[in-house]
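Student: As input, take data12.tsv (TSV, C-alpha atoms and all ligand atoms):
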```
chain	number	residue	atom	x	y	z
B	1	MET	CA	118.93	42.98	175.88
B	2	MET	CA	122.39	44.50	175.96
B	3	ALA	CA	124.58	43.41	178.82
B	4	VAL	CA	125.80	45.80	181.45
B	5	LEU	CA	129.49	46.56	180.90
B	6	GLU	CA	131.72	47.14	183.92
B	7	ASN	CA	134.73	49.47	183.91
B	8	SER	CA	134.14	50.12	180.24
B	9	SER	CA	136.16	52.62	178.24
B	10	LEU	CA	134.18	55.66	177.07
B	11	LYS	CA	136.61	56.40	174.24
B	12	ASN	CA	134.09	55.42	171.56
B	13	TYR	CA	131.25	57.21	173.34
B	14	ASN	CA	132.58	60.78	173.25
B	15	THR	CA	133.60	62.74	170.16
B	16	PHE	CA	136.66	64.15	171.97
B	17	GLY	CA	137.87	60.51	172.04
B	18	ILE	CA	138.86	60.75	175.70
B	19	ASP	CA	139.71	57.40	177.24
B	20	ALA	CA	137.87	57.74	180.56
B	21	LYS	CA	136.08	54.76	182.11
B	22	ALA	CA	132.48	54.25	183.18
B	23	HIS	CA	131.88	52.12	186.26
B	24	PHE	CA	128.74	50.70	184.60
B	25	LEU	CA	127.63	51.30	181.02
B	26	VAL	CA	124.51	50.05	179.29
B	27	HIS	CA	122.83	50.69	175.94
B	28	ILE	CA	119.18	51.57	176.39
B	29	THR	CA	117.14	50.28	173.45
B	30	SER	CA	113.59	50.72	174.73
B	31	ALA	CA	111.54	52.63	177.29
B	32	ASP	CA	110.45	49.33	178.87
B	33	GLN	CA	114.03	48.22	179.39
B	34	LEU	CA	114.89	51.52	181.09
B	35	LYS	CA	111.77	51.38	183.25
B	36	GLN	CA	112.70	47.86	184.41
B	37	PHE	CA	116.17	49.04	185.51
B	38	ILE	CA	114.58	51.91	187.45
B	39	LEU	CA	111.85	49.78	189.09
B	40	ASP	CA	114.45	47.14	190.05
B	41	GLY	CA	116.32	49.86	191.95
B	42	THR	CA	119.44	49.33	189.81
B	43	PHE	CA	120.38	53.02	189.90
B	44	SER	CA	119.32	53.70	193.52
B	45	GLY	CA	121.81	55.90	195.33
B	46	GLN	CA	124.08	56.01	192.28
B	47	LYS	CA	124.95	58.72	189.79
B	48	VAL	CA	123.39	58.35	186.35
B	49	LEU	CA	124.69	60.04	183.22
B	50	VAL	CA	122.65	59.88	180.02
B	51	LEU	CA	124.77	60.02	176.86
B	52	GLY	CA	123.55	60.65	173.33
B	53	GLY	CA	126.40	60.83	170.85
B	54	GLY	CA	128.78	62.23	173.49
B	55	SER	CA	129.34	65.21	171.21
B	56	ASN	CA	129.04	67.91	173.87
B	57	VAL	CA	130.91	66.42	176.80
B	58	LEU	CA	134.47	66.44	178.13
B	59	PHE	CA	135.44	63.65	180.52
B	60	THR	CA	138.18	64.84	182.88
B	61	LYS	CA	137.97	61.75	185.09
B	62	ASP	CA	136.40	58.29	185.24
B	63	ILE	CA	132.64	58.27	185.69
B	64	ASP	CA	131.23	56.77	188.90
B	65	GLY	CA	127.88	55.08	188.71
B	66	TRP	CA	125.98	54.50	185.50
B	67	VAL	CA	126.31	55.71	181.94
B	68	LEU	CA	123.16	55.12	179.89
B	69	VAL	CA	123.64	55.33	176.13
B	70	ASN	CA	120.45	56.28	174.31
B	71	GLU	CA	119.97	53.71	171.53
B	72	ILE	CA	116.18	53.94	171.18
B	73	LYS	CA	115.38	53.99	167.46
B	74	GLY	CA	112.43	54.89	165.27
B	75	LYS	CA	110.82	57.79	163.48
B	76	GLU	CA	107.24	58.24	162.32
B	77	LYS	CA	104.92	60.81	160.85
B	78	VAL	CA	102.29	61.18	163.56
B	79	ALA	CA	100.05	63.81	161.95
B	80	GLU	CA	99.78	66.19	159.04
B	81	ASP	CA	97.57	69.00	157.85
B	82	GLU	CA	97.57	71.36	154.89
B	83	ASN	CA	100.75	73.12	156.00
B	84	TYR	CA	102.71	70.87	158.34
B	85	PHE	CA	103.92	67.38	159.19
B	86	LEU	CA	104.40	66.27	162.79
B	87	ILE	CA	107.36	63.90	163.01
B	88	LYS	CA	108.16	61.92	166.14
B	89	VAL	CA	111.76	60.74	166.34
B	90	ALA	CA	113.32	58.50	168.98
B	91	GLY	CA	116.08	59.95	171.14
B	92	GLY	CA	118.70	57.41	170.04
B	93	GLU	CA	118.44	58.29	166.34
B	94	ASP	CA	121.46	59.99	164.84
B	95	TRP	CA	120.65	63.70	164.37
B	96	THR	CA	122.32	64.08	160.98
B	97	ALA	CA	120.60	60.97	159.60
B	98	PHE	CA	117.27	62.36	160.85
B	99	VAL	CA	117.84	65.73	159.15
B	100	ASP	CA	118.83	63.94	155.93
B	101	TYR	CA	115.66	61.83	156.14
B	102	CYS	CA	113.55	65.01	156.38
B	103	VAL	CA	115.43	66.74	153.58
B	104	GLU	CA	114.96	63.73	151.26
B	105	ARG	CA	111.20	63.90	151.85
B	106	ASN	CA	110.97	67.66	151.35
B	107	TRP	CA	109.97	68.32	154.94
B	108	TYR	CA	111.22	71.84	155.53
B	109	GLY	CA	112.75	73.44	158.60
B	110	LEU	CA	115.78	71.51	159.87
B	111	GLU	CA	118.08	72.02	156.87
B	112	ASN	CA	120.33	74.62	158.55
B	113	LEU	CA	120.99	72.06	161.29
B	114	SER	CA	122.54	69.54	158.88
B	115	LEU	CA	125.65	67.60	159.94
B	116	ILE	CA	125.51	68.47	163.65
B	117	PRO	CA	127.06	65.49	165.43
B	118	GLY	CA	125.05	63.77	168.14
B	119	LYS	CA	121.74	62.06	168.78
B	120	THR	CA	118.26	63.48	168.54
B	121	GLY	CA	117.56	63.07	172.27
B	122	ALA	CA	120.37	65.52	173.00
B	123	ALA	CA	119.11	68.17	170.57
B	124	PRO	CA	116.60	69.72	173.02
B	125	VAL	CA	118.97	69.40	176.01
B	126	GLN	CA	121.44	71.69	174.35
B	127	ASN	CA	118.83	73.45	172.17
B	128	ILE	CA	121.20	72.94	169.24
B	129	GLY	CA	121.48	75.76	166.76
B	130	ALA	CA	123.35	76.73	163.64
B	131	TYR	CA	123.11	79.35	160.89
B	132	GLY	CA	120.31	81.31	162.51
B	133	ILE	CA	118.02	78.37	163.42
B	134	GLU	CA	117.56	76.67	166.79
B	135	GLN	CA	115.74	73.38	167.24
B	136	ARG	CA	113.26	75.10	169.60
B	137	GLU	CA	111.74	76.88	166.59
B	138	LEU	CA	110.46	73.52	165.29
B	139	MET	CA	110.09	71.37	168.40
B	140	ILE	CA	106.53	70.81	169.60
B	141	SER	CA	107.09	68.48	172.55
B	142	LEU	CA	109.15	65.62	173.89
B	143	GLU	CA	108.58	62.58	176.07
B	144	ALA	CA	111.05	61.80	178.84
B	145	MET	CA	111.28	59.15	181.54
B	146	ASN	CA	111.97	60.23	185.09
B	147	LEU	CA	115.10	58.37	186.16
B	148	LYS	CA	113.87	58.06	189.78
B	149	THR	CA	110.28	56.93	189.22
B	150	GLY	CA	110.20	55.44	185.70
B	151	LYS	CA	107.18	57.65	184.89
B	152	ILE	CA	106.94	59.22	181.45
B	153	SER	CA	106.14	62.95	181.18
B	154	VAL	CA	105.39	65.10	178.17
B	155	PHE	CA	107.30	68.39	178.02
B	156	LYS	CA	105.79	70.94	175.68
B	157	ASN	CA	108.12	73.41	174.01
B	158	GLU	CA	107.35	76.11	176.60
B	159	ASP	CA	108.05	73.69	179.49
B	160	CYS	CA	111.64	73.22	178.31
B	161	GLU	CA	112.74	76.82	179.11
B	162	PHE	CA	114.88	76.97	175.99
B	163	GLY	CA	117.65	79.54	175.82
B	164	TYR	CA	120.85	79.99	173.85
B	165	ARG	CA	122.35	76.44	173.84
B	166	SER	CA	120.37	75.69	176.98
B	167	SER	CA	117.19	74.13	178.37
B	168	ILE	CA	115.71	72.98	181.66
B	169	PHE	CA	117.53	69.65	181.08
B	170	LYS	CA	120.88	71.47	181.39
B	171	THR	CA	119.79	73.57	184.36
B	172	LYS	CA	117.32	72.77	187.12
B	173	GLU	CA	116.25	69.34	185.77
B	174	ARG	CA	119.78	68.25	184.94
B	175	GLY	CA	120.27	64.51	185.46
B	176	ASN	CA	116.60	63.80	186.19
B	177	TRP	CA	115.30	62.67	182.80
B	178	PHE	CA	115.99	60.34	179.90
B	179	ILE	CA	114.59	61.79	176.66
B	180	LEU	CA	112.72	59.02	174.83
B	181	ASN	CA	111.52	60.90	171.76
B	182	VAL	CA	111.07	64.38	170.31
B	183	THR	CA	108.28	65.69	168.04
B	184	TYR	CA	109.05	68.31	165.40
B	185	GLN	CA	106.67	70.31	163.24
B	186	LEU	CA	108.07	70.57	159.73
B	187	LYS	CA	106.69	72.70	156.93
B	188	LYS	CA	105.30	71.58	153.59
B	189	THR	CA	106.54	74.72	151.86
B	190	PRO	CA	109.93	76.42	152.00
B	191	ALA	CA	110.75	79.31	154.34
B	192	PHE	CA	114.52	79.30	154.13
B	193	ASN	CA	116.79	81.21	156.49
B	194	LEU	CA	119.87	82.30	154.54
B	195	GLU	CA	120.80	85.22	156.79
B	196	TYR	CA	124.15	83.92	158.01
B	197	GLY	CA	127.11	85.19	155.98
B	198	PRO	CA	128.51	81.94	154.54
B	199	LEU	CA	125.06	80.66	153.53
B	200	LYS	CA	124.08	84.02	152.05
B	201	ALA	CA	127.30	83.99	150.03
B	202	ALA	CA	126.66	80.45	148.79
B	203	PHE	CA	123.30	81.48	147.26
B	204	GLU	CA	124.05	85.09	146.26
B	205	GLU	CA	123.89	84.30	142.55
B	206	SER	CA	120.88	81.96	142.77
B	207	SER	CA	117.31	83.00	142.07
B	208	PRO	CA	115.28	82.28	145.25
B	209	HIS	CA	112.88	79.98	143.34
B	210	ALA	CA	115.71	77.84	142.06
B	211	ILE	CA	117.03	76.96	145.55
B	212	SER	CA	116.03	73.53	146.83
B	213	LEU	CA	116.01	72.11	150.32
B	214	LYS	CA	118.74	69.68	149.31
B	215	ASP	CA	120.89	72.59	148.00
B	216	ILE	CA	120.74	74.26	151.41
B	217	SER	CA	121.49	71.12	153.32
B	218	GLU	CA	124.45	70.40	151.02
B	219	ALA	CA	125.73	73.98	151.36
B	220	VAL	CA	125.55	73.80	155.17
B	221	LYS	CA	127.42	70.49	155.09
B	222	SER	CA	130.13	71.80	152.86
B	223	ILE	CA	130.60	74.97	154.96
B	224	ARG	CA	130.81	72.87	158.12
B	225	ARG	CA	133.26	70.41	156.53
B	226	SER	CA	135.50	73.28	155.43
B	227	LYS	CA	135.72	74.83	158.93
B	228	LEU	CA	135.15	72.10	161.48
B	229	PRO	CA	137.27	69.03	162.18
B	230	ASN	CA	135.58	65.69	161.56
B	231	PRO	CA	135.29	64.06	165.01
B	232	ALA	CA	135.88	60.64	163.43
B	233	VAL	CA	139.39	61.88	162.55
B	234	THR	CA	140.22	64.57	165.12
B	235	GLY	CA	138.58	64.46	168.55
B	236	ASN	CA	136.52	67.58	169.31
B	237	ALA	CA	133.12	68.64	170.63
B	238	GLY	CA	132.32	71.49	168.25
B	239	SER	CA	132.18	74.93	169.84
B	240	PHE	CA	133.83	74.65	173.22
B	241	PHE	CA	132.57	77.98	174.57
B	242	LYS	CA	129.33	79.92	174.19
B	243	ASN	CA	129.43	83.21	172.34
B	244	PRO	CA	129.34	85.84	175.10
B	245	VAL	CA	126.53	88.38	175.24
B	246	VAL	CA	127.44	91.89	176.47
B	247	THR	CA	125.77	95.28	176.84
B	248	LYS	CA	126.01	98.07	174.24
B	249	GLN	CA	128.12	100.09	176.69
B	250	LYS	CA	130.57	97.22	177.00
B	251	LEU	CA	130.76	96.97	173.20
B	252	GLU	CA	131.61	100.68	172.97
B	253	ARG	CA	134.43	100.21	175.47
B	254	LEU	CA	135.74	97.19	173.51
B	255	LYS	CA	135.58	99.15	170.25
B	256	SER	CA	137.93	101.82	171.57
B	257	ASN	CA	140.78	99.28	171.66
B	258	HIS	CA	139.50	97.00	168.90
B	259	PRO	CA	137.65	99.03	166.27
B	260	SER	CA	137.19	95.99	164.03
B	261	ILE	CA	135.57	93.74	166.67
B	262	PRO	CA	132.76	91.68	165.06
B	263	PHE	CA	129.38	91.68	166.84
B	264	TYR	CA	125.71	90.87	166.30
B	265	GLU	CA	122.83	92.78	167.89
B	266	LEU	CA	120.20	90.46	169.38
B	267	GLU	CA	116.45	91.11	169.40
B	268	ASP	CA	116.56	92.38	172.98
B	269	GLY	CA	119.31	94.90	172.09
B	270	ALA	CA	122.11	92.94	173.78
B	271	ILE	CA	125.28	92.26	171.79
B	272	LYS	CA	126.69	88.85	170.89
B	273	ILE	CA	130.43	88.68	170.27
B	274	PRO	CA	131.91	85.65	168.47
B	275	ALA	CA	134.00	83.80	171.06
B	276	GLY	CA	136.17	82.45	168.22
B	277	TRP	CA	137.31	85.99	167.41
B	278	LEU	CA	138.21	86.71	171.06
B	279	ILE	CA	140.27	83.50	171.26
B	280	GLU	CA	141.95	84.18	167.93
B	281	THR	CA	142.79	87.74	168.96
B	282	CYS	CA	144.48	86.37	172.08
B	283	GLY	CA	146.74	84.42	169.69
B	284	TRP	CA	145.42	80.92	170.39
B	285	LYS	CA	144.24	79.88	166.92
B	286	GLY	CA	146.18	76.79	165.75
B	287	LYS	CA	148.21	76.63	169.00
B	288	ASN	CA	148.78	73.50	171.10
B	289	LEU	CA	149.34	72.85	174.76
B	290	GLY	CA	150.52	69.27	175.20
B	291	ASN	CA	148.09	67.00	173.39
B	292	ALA	CA	145.33	69.62	173.38
B	293	GLY	CA	144.99	72.16	170.61
B	294	VAL	CA	142.96	75.00	169.14
B	295	HIS	CA	141.61	74.21	165.67
B	296	GLU	CA	143.48	76.16	163.00
B	297	LYS	CA	140.34	77.04	161.01
B	298	GLN	CA	137.99	77.89	163.90
B	299	ALA	CA	139.42	78.98	167.25
B	300	LEU	CA	136.19	78.12	169.08
B	301	VAL	CA	136.89	74.41	168.58
B	302	LEU	CA	139.34	72.70	170.93
B	303	ILE	CA	140.83	69.48	169.63
B	304	ASN	CA	142.44	66.29	170.84
B	305	LYS	CA	145.79	66.10	169.04
B	306	GLY	CA	145.94	62.37	169.86
B	307	ASN	CA	145.70	60.68	173.25
B	308	ALA	CA	144.92	63.90	175.13
B	309	THR	CA	143.38	63.48	178.54
B	310	GLY	CA	140.29	65.44	179.45
B	311	ALA	CA	142.37	67.28	182.05
B	312	GLU	CA	144.75	68.47	179.30
B	313	ILE	CA	141.87	69.86	177.25
B	314	GLN	CA	140.47	71.49	180.37
B	315	HIS	CA	143.85	73.02	181.15
B	316	LEU	CA	143.96	74.58	177.68
B	317	ALA	CA	140.38	75.82	178.07
B	318	ARG	CA	141.28	77.50	181.36
B	319	LYS	CA	144.35	79.21	179.85
B	320	ILE	CA	142.16	80.56	177.05
B	321	GLN	CA	139.52	81.76	179.52
B	322	SER	CA	142.15	83.51	181.57
B	323	ASP	CA	143.66	85.28	178.53
B	324	VAL	CA	140.25	86.39	177.23
B	325	LEU	CA	139.36	87.65	180.70
B	326	LYS	CA	142.63	89.62	180.93
B	327	GLN	CA	142.42	91.14	177.48
B	328	PHE	CA	138.66	91.77	177.14
B	329	GLU	CA	137.23	91.43	180.67
B	330	ILE	CA	134.87	88.79	179.29
B	331	ASP	CA	134.34	85.53	181.13
B	332	LEU	CA	133.92	82.78	178.52
B	333	GLU	CA	131.45	80.12	179.58
B	334	PRO	CA	131.96	76.54	178.32
B	335	GLU	CA	129.19	75.19	176.14
B	336	VAL	CA	130.55	71.67	176.59
B	337	LEU	CA	129.54	69.77	179.72
B	338	ILE	CA	132.75	69.20	181.70
B	339	LEU	CA	132.63	66.14	183.93
R	1	LIG	P1	130.94	81.98	162.16
R	1	LIG	O1	130.27	82.08	160.82
R	1	LIG	O2	132.42	81.94	162.24
R	1	LIG	O3	130.39	83.13	163.09
R	1	LIG	C1	130.86	83.25	164.43
R	1	LIG	C2	129.68	83.47	165.35
R	1	LIG	O4	129.03	84.66	164.99
R	1	LIG	C3	128.68	82.36	165.22
R	1	LIG	O5	128.92	81.45	166.24
R	1	LIG	C4	127.33	83.03	165.27
R	1	LIG	O6	126.67	82.92	166.52
R	1	LIG	C5	127.63	84.50	165.06
R	1	LIG	N1	126.99	84.94	163.80
R	1	LIG	C6	127.49	84.81	162.55
R	1	LIG	N2	126.65	85.37	161.66
R	1	LIG	C7	125.59	85.83	162.36
R	1	LIG	C8	124.40	86.51	161.99
R	1	LIG	N3	124.11	86.80	160.72
R	1	LIG	N4	123.53	86.84	162.98
R	1	LIG	C9	123.80	86.52	164.26
R	1	LIG	N5	124.91	85.91	164.66
R	1	LIG	C10	125.81	85.56	163.72
R	1	LIG	O7	130.36	80.68	162.90
R	1	LIG	P2	130.75	79.15	162.75
R	1	LIG	O8	131.62	78.75	163.87
R	1	LIG	O9	131.19	78.84	161.35
R	1	LIG	O10	129.34	78.47	163.00
R	1	LIG	C11	128.26	78.63	162.12
R	1	LIG	C12	126.98	78.24	162.84
R	1	LIG	O11	127.01	76.87	163.25
R	1	LIG	C13	126.75	79.06	164.10
R	1	LIG	O12	125.38	79.28	164.24
R	1	LIG	C14	127.27	78.15	165.18
R	1	LIG	O13	126.67	78.38	166.43
R	1	LIG	C15	126.91	76.79	164.67
R	1	LIG	N6	127.85	75.80	165.18
R	1	LIG	C16	127.63	75.29	166.44
R	1	LIG	C17	128.53	74.39	166.96
R	1	LIG	C18	128.36	73.84	168.33
R	1	LIG	O14	129.11	72.95	168.70
R	1	LIG	N7	127.44	74.32	169.10
R	1	LIG	C19	129.64	73.99	166.22
R	1	LIG	C20	129.82	74.55	164.96
R	1	LIG	C21	128.93	75.45	164.47
R	1	LIG	P3	125.71	81.71	166.95
R	1	LIG	O15	126.61	80.62	167.36
R	1	LIG	O16	124.98	82.28	168.10
R	1	LIG	O17	124.84	81.35	165.80
```
Output the file's structure in the form of structure tokens.
Tutor:
Amino acid sequence: MMAVLENSSLKNYNTFGIDAKAHFLVHITSADQLKQFILDGTFSGQKVLVLGGGSNVLFTKDIDGWVLVNEIKGKEKVAEDENYFLIKVAGGEDWTAFVDYCVERNWYGLENLSLIPGKTGAAPVQNIGAYGIEQRELMISLEAMNLKTGKISVFKNEDCEFGYRSSIFKTKERGNWFILNVTYQLKKTPAFNLEYGPLKAAFEESSPHAISLKDISEAVKSIRRSKLPNPAVTGNAGSFFKNPVVTKQKLERLKSNHPSIPFYELEDGAIKIPAGWLIETCGWKGKNLGNAGVHEKQALVLINKGNATGAEIQHLARKIQSDVLKQFEIDLEPEVLIL
């Protein structure tokens, strides 16, 4: 069993590479180990933060209480029928390695979500999405341990209240659960989603029958590598803000000053505006403020230019929010959890 670390640096536990400290930090490698901590009263009266890959968090100060790092491993095929496989994957598995594992076996569905940093247990929390697919479209259920009682509950897809980059685990159940494993239903035959511009462009010349699962996964990886900084080299947490959703009337007002504003109409008729475009139009793309910066190839990504503090990144985020509010009357909401 992994020892409890006291006053441990979190620098290697968050993709921003922020050097905050955790009062107590422990790697959780099994449900039984976690249950024992809970039943022993170890966390009683203390704050508990569950970390996956730390790829969607910004530490602006040291963390009181406990940081639990999900290191539970394992993946298995739990059922299959004519059309589908059911795959159960432990929360501490690396998401990208899991997607690669599925792609190698020709299990269809997760390919557009290739190369998203983080662990599988965090995928439902944030309802990760990319290139027109969200994990909720494939997730059947998950098992989570209640951090107060040590009891395990099953959450079916509909129990998770999934929304755009959101779930019950980010809202009313925040901080209450440790996600042990997630079960996905993957298809035996292809049903590719190539709607998003860069993916569509990558396969424009290809005959649909000639496109393989591996081709799509590789294309997604190469698009991501070309636009997004590698967190192992440059600290970042992917998209820092959510793409705002506005009414059609608001879009019309925006168009009068900005006729070329990009937008996407959602199923319910509301309009999604790329936050990256708003930030870029305010002149922030590629700019720095102290050790914090805005990525030069994608303005939605804030970066650690080296030894930035979380407060510096937050300061930059606030400046951007204030400029976007002034220029567009749109209040950008962080996607990253700011602690
Ligand atoms: P992009 O192609 O520069 O497009 C900007 C935004 O426009 C995207 O965020 C996307 O919204 C939206 N969009 C583009 N094409 C669309 C379409 N055909 N229909 C509806 N909406 C469309 O985006 P990007 O930054 O390179 O990212 C590509 C994908 O990877 C996006 O889905 C993005 O969310 C995802 N991604 C997520 C993170 C993260 O940290 N959460 C980081 C990098 C990339 P949506 O974001 O709503 O899809």
Student: Could you list, as a ChimeraX atom specification, all the residues within 8 Å of ligand LIG 1 (chain R), counting all atoms listed in the file?
Tutor: /B:56,113,116,128-133,164-165,195-198,223-224,227-228,237-240,242-243,262-266,272-277,298,300-301,335
Student: Between B:Lys88, B:Lys188, B:Lys35, B:Lys73, which one has atoms that come closest to Ser141 of chain B, using all atoms listed in the file?
Tutor: B:Lys88
Student: Which residues are close to segment 323-333 of chain B, i.e. within 9 Å by only C-alpha atoms, leaving aside same-chain residues fewer than 4 positions away? Reply as a count of residues only.
Tutor: 14
Student: Could you give me, as a ChimeraX atom specification, the residues within 7 Å of segment 283-297 of chain B, counting all atoms listed in the file and dropping anything in the same chain fewer than 6 positions from it?
Tutor: /B:227,303-308,312-313,316
Student: Considering all atoms listed in the file, state which residue in the set B:Ala144, B:Ile87, B:Val154, B:Ile18 is at the smallest distance from Gln314 of chain B.
Tutor: B:Ile18
Student: Quote the spacing between atom CA of Lys250 of chain B and atom CA of Pro334 of chain B in Å to one decimal place.
Tutor: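 That distance, rounded to one decimal, is 20.8 Å.
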Student: Work out how far atom CA of Ile179 of chain B is from atom CA of Lys11 of chain B, in Å to one decimal.
Tutor: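 Atom-to-atom, atom CA of Lys11 of chain B and atom CA of Ile179 of chain B are spaced 22.8 Å apart.
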Student: Between atom CA of Ser9 of chain B and atom CA of Val67 of chain B, what is the distance, to one decimal in Å?
Tutor: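 Here the two named atoms are 11.0 Å from each other.
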Student: May I have the residues within 8 Å of Met139 of chain B as an mmCIF file with C-alpha atoms, in the coordinates of the input, using all atoms listed in the file and disregarding those fewer than 5 positions away in the same chain?
Tutor:
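Result written to selection_28.cif:
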```
data_model
loop_
_atom_site.group_PDB
_atom_site.id
_atom_site.type_symbol
_atom_site.label_atom_id
_atom_site.label_comp_id
_atom_site.auth_asym_id
_atom_site.auth_seq_id
_atom_site.Cartn_x
_atom_site.Cartn_y
_atom_site.Cartn_z
ATOM 1 C CA ASN B 157 108.120 73.410 174.010
ATOM 2 C CA VAL B 182 111.070 64.380 170.310
ATOM 3 C CA THR B 183 108.280 65.690 168.040
ATOM 4 C CA TYR B 184 109.050 68.310 165.400
ATOM 5 C CA GLN B 185 106.670 70.310 163.240
#
```
Student: Restricting the calculation to all atoms listed in the file: of B:Ser114, B:Asp40, B:Phe178, B:Lys172, which residue gets closest to Asn70 of chain B?
Tutor: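 Checking each candidate against Asn70 of chain B, we get B:Phe178 as the closest.
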Student: For the point (111.8, 57.1, 170.1) in file coordinates, what residues are within 9 Å, counting only C-alpha atoms? Give the answer as an MDAnalysis selection string?
Tutor: chainID B and resid 30:31 71:75 88:93 121 143 179:182
